[in-house]
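Working notes, structure below.
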Amino acid sequence: MKEERKKIILILLISIFMLSFCLLPVIYMVIISLSKNPDFLSAEKTLRFTLKNYFDVLSVRSLHFTDYLKNSIAVSTISAALSVFIAALAAYSITRLNLPGKVILLFFVLVVSMFPQISLVGWLFKLMAELGWINTYPALILPYIGWILPLSLWILVSYFSQLPKELDKQALIDGCSRWQILFKVLFPVALPGLFSTFLLAFIFAFNEFMFALMLTADHKARTIPVGIALFQGLHGEIPWGNIMSAATIATLPVIILTIVFQKRIVQGLTRGAVKG
Amino acid sequence: MKLKLGNLTKKFLSIRGEVVAVNNINLEIEDKEFFVLLGPSGCGKSTLLNLIAGLEKPTSGEIWFAEKLIVSMEKKIFFTPKERNVAMVFQSYALYPHLSVFENIAFPLRIMKTKENMVKEAVKKVTSTLEIFDLLSVKPAELSGGEKQRVAIARAIVRQPEIFLLDEPLSNLDAQLRLSTRAELKNLQRHLGVTTVYVTHDQVEAMALGDRIAVLKDGKVVQVGTPAELYERPANTFVAAFIGSPPMNFIEGSLFEEKGIFYIIIDNLRIKMPDSKVWNLKRLKSKSCIFGIHPEDIYIRREKTVQNFKTRIISVEPLGRDMILHTSFGEHKILILTKETEFKEGDTVNIEFNWQKTHIFEKSENGERIN
């Protein structure tokens, strides 16, 4: 019994440590976003509660925060959806069809994903400028798809290869065409996997900074990470209250998505671990 | 519908080089026949089934459904599974996990764009035949093994296929259920009157179900025949060893003829045949051969005569009604199936072969039958 208790206490302590380690910056962010004088470099001032920062961020037009939020959600959703769709088709053909050299293809994709963003961004800027796409959604969506696709492909290939091949055969026997197999059988069965991949892709795109910084110019296409980083430039002094409240709001979509679809994500990430 | 396979060959390229999974197979399966493909794993029986279903393309050869040429690599004809109207039940059942039992069964009809009321009627009919109408709204994950199997069969027969293909459908069931399902399956096949090809590695299942059985080895058909033919006249040692439980005894020995009288020699034992015409020997290339005899064709004699010889009982397996005796004679191990049950380990018994039912095989790699 004593051993048991020691174990429980140890697990609790470690969990508390891990949680506070991870959540402390977040708590700090939330506290500052709620305080009246958010100059957190001077320690003597006491905390005074206010919601003004949130009202400012959401209502002051010149901050363009709601535009950034809208851009971010639109760009991330479209890029994540497209890359998951393309990756799902690719994963199907790699796991099911008799493609010569599919292993080489997979590794090539992995190699491509290893290019550091910084080495691509200059060329991307030139390309988008020539196309006249700077400061538009496609300027972000296309590079994002290219950037997220390898990850999505690798996740989905491992997911699809765990789905029994007899399902495909059965569907073929039952009279399905290849497309019907995909849309009537494999995609519905793989839904948890597709969904967790979509979510990962969404989070990646939502948090991306470098491409968004270089390829957008103003609130027409600028996304939240860049928008928040540039708050300070607009006003001379650093508006910590606004920055922190904006950051808090920006984390909400991801948190909401994760909480709402928690069950599906866990299902998607652990499925195939045990036979079932 | 009659099914004909002509010179069918399927080769695969693998890391180990070219593998011939199906090697020049010729078979004719009669209309409404329950035909079993029997063989050990890796003999190409599942590949053959996939070729009939249209899941794989043969390297060469032809498949005929009745008078219609379905596949001919030479004439570049290949019907897709959809165009063949075959149904298949897999070992894992392959139910669609995201659909209810009703939708699983209705799936082939929905793909054919059948009208809703026809779908309902067809599903109702098969589910009442198979007694699963109370499961219609359940998802496959909640079904037991036997129920899953019924659903898979229901899905296969709902669209009235011309050929019914079964790939080891019973091997995921527990022993008791397997026995009852086996009988039901046979009844169902008779009732539907659909030409059926059934793949299994279990000879008991094959004997119980098949009108005829084809024994496969290394991609080739070794023997085709009714269960009785395979049991009573196996073409070679492979078939003889595969069919029957407890398995056939094989005893190496030799045979020679002197003035029209045959003698059998096993080690230093020499037995004179009472009647030389017993065997109707085709050819006798070499003197040495392999004698095959089923355990129930060995008699135990009280008295020692010139026809019998002594063996020692190593162990006994009481089966209730019968008893299996494991005996040894020199280097040879001999199984005997007997109804008498008074034997125990260490006893010696006099045994006599039923020479009429002794099979004689060539002592070679293939072990062809010579009598």
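Each chain of the structure tokens is named A, B, ... in the order shown, its residues numbered from 1; ligands are numbered from 1 in display order.
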inquiry  = For a quick test of understanding: name the residues of chain B lying within 10 Å of chain A when counting only C-alpha atoms, and present them as a PyMOL selection string.
reply    = chain B and resi 50+53-55+80-99+107-112+141+152+155-156+159
ask   = Which residues come within 10 Å of Ser83 of chain A, counting only C-alpha atoms, excluding same-chain residues fewer than 5 positions away, as a ChimeraX atom specification?
value = /A:77-78,88-89,141-142,144-153,197-198,201-202
inquiry  = Give me the residues near segment 134-139 of chain A as a PyMOL selection string, where near means some atom within 12 Å (using only C-alpha atoms) and where sequence neighbours in that chain fewer than 4 positions away do not count.
reply    = chain A and resi 68+70-79+121+124-130+143-146+211-223
Write the residues of the selection above to a file with C-alpha atoms, as an mmCIF file, in the first residue's frame.
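Produced file out_6.cif, reproduced below:
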data_model
loop_
_atom_site.group_PDB
_atom_site.id
_atom_site.type_symbol
_atom_site.label_atom_id
_atom_site.label_comp_id
_atom_site.auth_asym_id
_atom_site.auth_seq_id
_atom_site.Cartn_x
_atom_site.Cartn_y
_atom_site.Cartn_z
ATOM 1 C CA TYR A 68 -5.712 39.351 -38.857
ATOM 2 C CA LYS A 70 -10.067 36.378 -40.119
ATOM 3 C CA ASN A 71 -7.037 36.102 -42.449
ATOM 4 C CA SER A 72 -5.387 33.559 -40.212
ATOM 5 C CA ILE A 73 -8.435 31.352 -39.970
ATOM 6 C CA ALA A 74 -9.147 31.548 -43.697
ATOM 7 C CA VAL A 75 -5.566 30.896 -44.776
ATOM 8 C CA SER A 76 -5.002 28.090 -42.272
ATOM 9 C CA THR A 77 -8.297 26.349 -42.994
ATOM 10 C CA ILE A 78 -7.848 26.430 -46.751
ATOM 11 C CA SER A 79 -4.209 25.321 -46.654
ATOM 12 C CA VAL A 121 11.575 32.842 -48.472
ATOM 13 C CA LEU A 124 9.269 32.962 -52.791
ATOM 14 C CA PHE A 125 9.090 36.713 -52.361
ATOM 15 C CA LYS A 126 10.468 37.260 -55.871
ATOM 16 C CA LEU A 127 8.064 34.743 -57.332
ATOM 17 C CA MET A 128 5.013 36.186 -55.603
ATOM 18 C CA ALA A 129 6.061 39.731 -56.504
ATOM 19 C CA GLU A 130 6.325 38.797 -60.178
ATOM 20 C CA PRO A 143 3.672 27.931 -49.825
ATOM 21 C CA TYR A 144 1.805 26.635 -46.766
ATOM 22 C CA ILE A 145 0.472 23.662 -48.706
ATOM 23 C CA GLY A 146 3.970 22.874 -49.939
ATOM 24 C CA PHE A 211 6.370 33.379 -44.817
ATOM 25 C CA ALA A 212 3.539 35.487 -43.462
ATOM 26 C CA LEU A 213 5.956 38.252 -42.511
ATOM 27 C CA MET A 214 7.621 38.389 -45.920
ATOM 28 C CA LEU A 215 4.700 37.790 -48.228
ATOM 29 C CA THR A 216 2.091 40.101 -46.713
ATOM 30 C CA ALA A 217 2.088 43.865 -46.449
ATOM 31 C CA ASP A 218 -0.960 44.900 -44.476
ATOM 32 C CA HIS A 219 -4.254 43.835 -42.945
ATOM 33 C CA LYS A 220 -5.602 42.499 -46.253
ATOM 34 C CA ALA A 221 -3.655 39.278 -45.860
ATOM 35 C CA ARG A 222 -1.492 39.579 -42.758
ATOM 36 C CA THR A 223 -1.970 36.775 -40.244
#
key: Exercise: segment 58-60 of chain B partners within 7 Å, only C-alpha atoms, chain neighbours under 3 positions left out, as a list in words   =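 Close residues of segment 58-60 of chain B: Leu8, Thr9, Lys10, Lys11, Leu51, Met73 and Glu74 of chain B.
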query = If you count only C-alpha atoms, which residues fall within 10 Å of Arg270 of chain B, apart from same-chain ones fewer than 5 positions away, as a PyMOL selection string?
reply = chain B and resi 254-255+263-265+306-307+309
query = Which of segment 6-142 of chain A counts as helix (DSSP H, G or I) under DSSP, as an MDAnalysis selection string please?
reply = chainID A and resid 6:33 52:59 61:63 65:96 102:113 117:131 137:142
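The space separating atom CA of Arg190 of chain B from atom CA of Lys220 of chain B comes to 28.5 Å.
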Any chance you could list, as a PDB file with C-alpha atoms, in the first residue's frame, the residues in segment 184-322 of chain B that come up strand (DSSP E) when DSSP is run on the backbone?
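The resulting states.pdb:
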ATOM      1  CA  THR B 195     -21.374 -22.091 -58.034  1.00  0.00           C
ATOM      2  CA  THR B 196     -19.033 -21.772 -55.084  1.00  0.00           C
ATOM      3  CA  VAL B 197     -15.261 -21.781 -54.792  1.00  0.00           C
ATOM      4  CA  TYR B 198     -14.013 -22.216 -51.279  1.00  0.00           C
ATOM      5  CA  VAL B 199     -10.408 -21.799 -50.143  1.00  0.00           C
ATOM      6  CA  THR B 200      -9.115 -23.526 -47.051  1.00  0.00           C
ATOM      7  CA  ARG B 212     -14.992 -31.842 -55.314  1.00  0.00           C
ATOM      8  CA  ILE B 213     -11.628 -30.771 -53.979  1.00  0.00           C
ATOM      9  CA  ALA B 214      -8.521 -29.569 -55.779  1.00  0.00           C
ATOM     10  CA  VAL B 215      -5.345 -30.076 -53.775  1.00  0.00           C
ATOM     11  CA  LEU B 216      -2.747 -27.416 -54.572  1.00  0.00           C
ATOM     12  CA  LYS B 217       0.966 -27.400 -53.977  1.00  0.00           C
ATOM     13  CA  LYS B 220       0.069 -26.423 -59.173  1.00  0.00           C
ATOM     14  CA  VAL B 221      -2.976 -28.671 -58.954  1.00  0.00           C
ATOM     15  CA  VAL B 222      -1.820 -31.969 -57.524  1.00  0.00           C
ATOM     16  CA  GLN B 223      -5.117 -33.797 -57.634  1.00  0.00           C
ATOM     17  CA  VAL B 224      -8.781 -33.064 -58.260  1.00  0.00           C
ATOM     18  CA  GLY B 225     -11.492 -35.337 -57.034  1.00  0.00           C
ATOM     19  CA  ASN B 249       1.249 -43.782 -42.052  1.00  0.00           C
ATOM     20  CA  PHE B 250       4.183 -43.811 -44.434  1.00  0.00           C
ATOM     21  CA  ILE B 251       6.579 -46.698 -44.194  1.00  0.00           C
ATOM     22  CA  GLU B 252       9.631 -46.991 -46.397  1.00  0.00           C
ATOM     23  CA  GLY B 253      10.314 -50.427 -47.686  1.00  0.00           C
ATOM     24  CA  SER B 254      10.712 -52.399 -50.840  1.00  0.00           C
ATOM     25  CA  LEU B 255       8.766 -54.720 -53.030  1.00  0.00           C
ATOM     26  CA  PHE B 256       9.894 -57.561 -55.163  1.00  0.00           C
ATOM     27  CA  GLU B 257       8.405 -60.224 -57.321  1.00  0.00           C
ATOM     28  CA  GLU B 258       9.393 -63.836 -57.477  1.00  0.00           C
ATOM     29  CA  ILE B 261       4.374 -63.721 -56.033  1.00  0.00           C
ATOM     30  CA  PHE B 262       4.964 -60.360 -54.391  1.00  0.00           C
ATOM     31  CA  TYR B 263       6.957 -59.897 -51.238  1.00  0.00           C
ATOM     32  CA  ILE B 264       7.062 -56.822 -49.066  1.00  0.00           C
ATOM     33  CA  ILE B 265      10.241 -56.010 -47.239  1.00  0.00           C
ATOM     34  CA  ILE B 266      10.329 -53.563 -44.346  1.00  0.00           C
ATOM     35  CA  LEU B 269      10.757 -58.194 -42.105  1.00  0.00           C
ATOM     36  CA  ARG B 270       9.551 -60.094 -45.129  1.00  0.00           C
ATOM     37  CA  ILE B 271       5.863 -60.631 -45.808  1.00  0.00           C
ATOM     38  CA  LYS B 272       4.469 -62.699 -48.619  1.00  0.00           C
ATOM     39  CA  SER B 288      12.154 -49.433 -52.996  1.00  0.00           C
ATOM     40  CA  CYS B 289       8.875 -47.671 -52.392  1.00  0.00           C
ATOM     41  CA  ILE B 290       6.743 -46.058 -49.721  1.00  0.00           C
ATOM     42  CA  PHE B 291       3.749 -47.865 -48.260  1.00  0.00           C
ATOM     43  CA  GLY B 292       0.941 -45.604 -47.180  1.00  0.00           C
ATOM     44  CA  ILE B 293      -1.801 -46.858 -44.941  1.00  0.00           C
ATOM     45  CA  ILE B 298      -4.436 -51.591 -39.647  1.00  0.00           C
ATOM     46  CA  TYR B 299      -5.803 -54.539 -37.687  1.00  0.00           C
ATOM     47  CA  ILE B 300      -4.653 -55.786 -34.317  1.00  0.00           C
ATOM     48  CA  ARG B 301      -4.373 -59.586 -34.128  1.00  0.00           C
ATOM     49  CA  PHE B 309       4.270 -58.351 -37.082  1.00  0.00           C
ATOM     50  CA  LYS B 310       5.008 -57.066 -33.600  1.00  0.00           C
ATOM     51  CA  THR B 311       5.086 -53.394 -32.653  1.00  0.00           C
ATOM     52  CA  ARG B 312       5.467 -51.676 -29.333  1.00  0.00           C
ATOM     53  CA  ILE B 313       2.990 -49.092 -28.061  1.00  0.00           C
ATOM     54  CA  ILE B 314       4.711 -45.804 -27.195  1.00  0.00           C
ATOM     55  CA  SER B 315       1.650 -43.863 -26.182  1.00  0.00           C
ATOM     56  CA  VAL B 316      -2.132 -44.018 -26.347  1.00  0.00           C
ATOM     57  CA  GLU B 317      -4.660 -41.254 -27.097  1.00  0.00           C
ATOM     58  CA  PRO B 318      -8.182 -42.164 -26.029  1.00  0.00           C
TER      59      PRO B 318
END
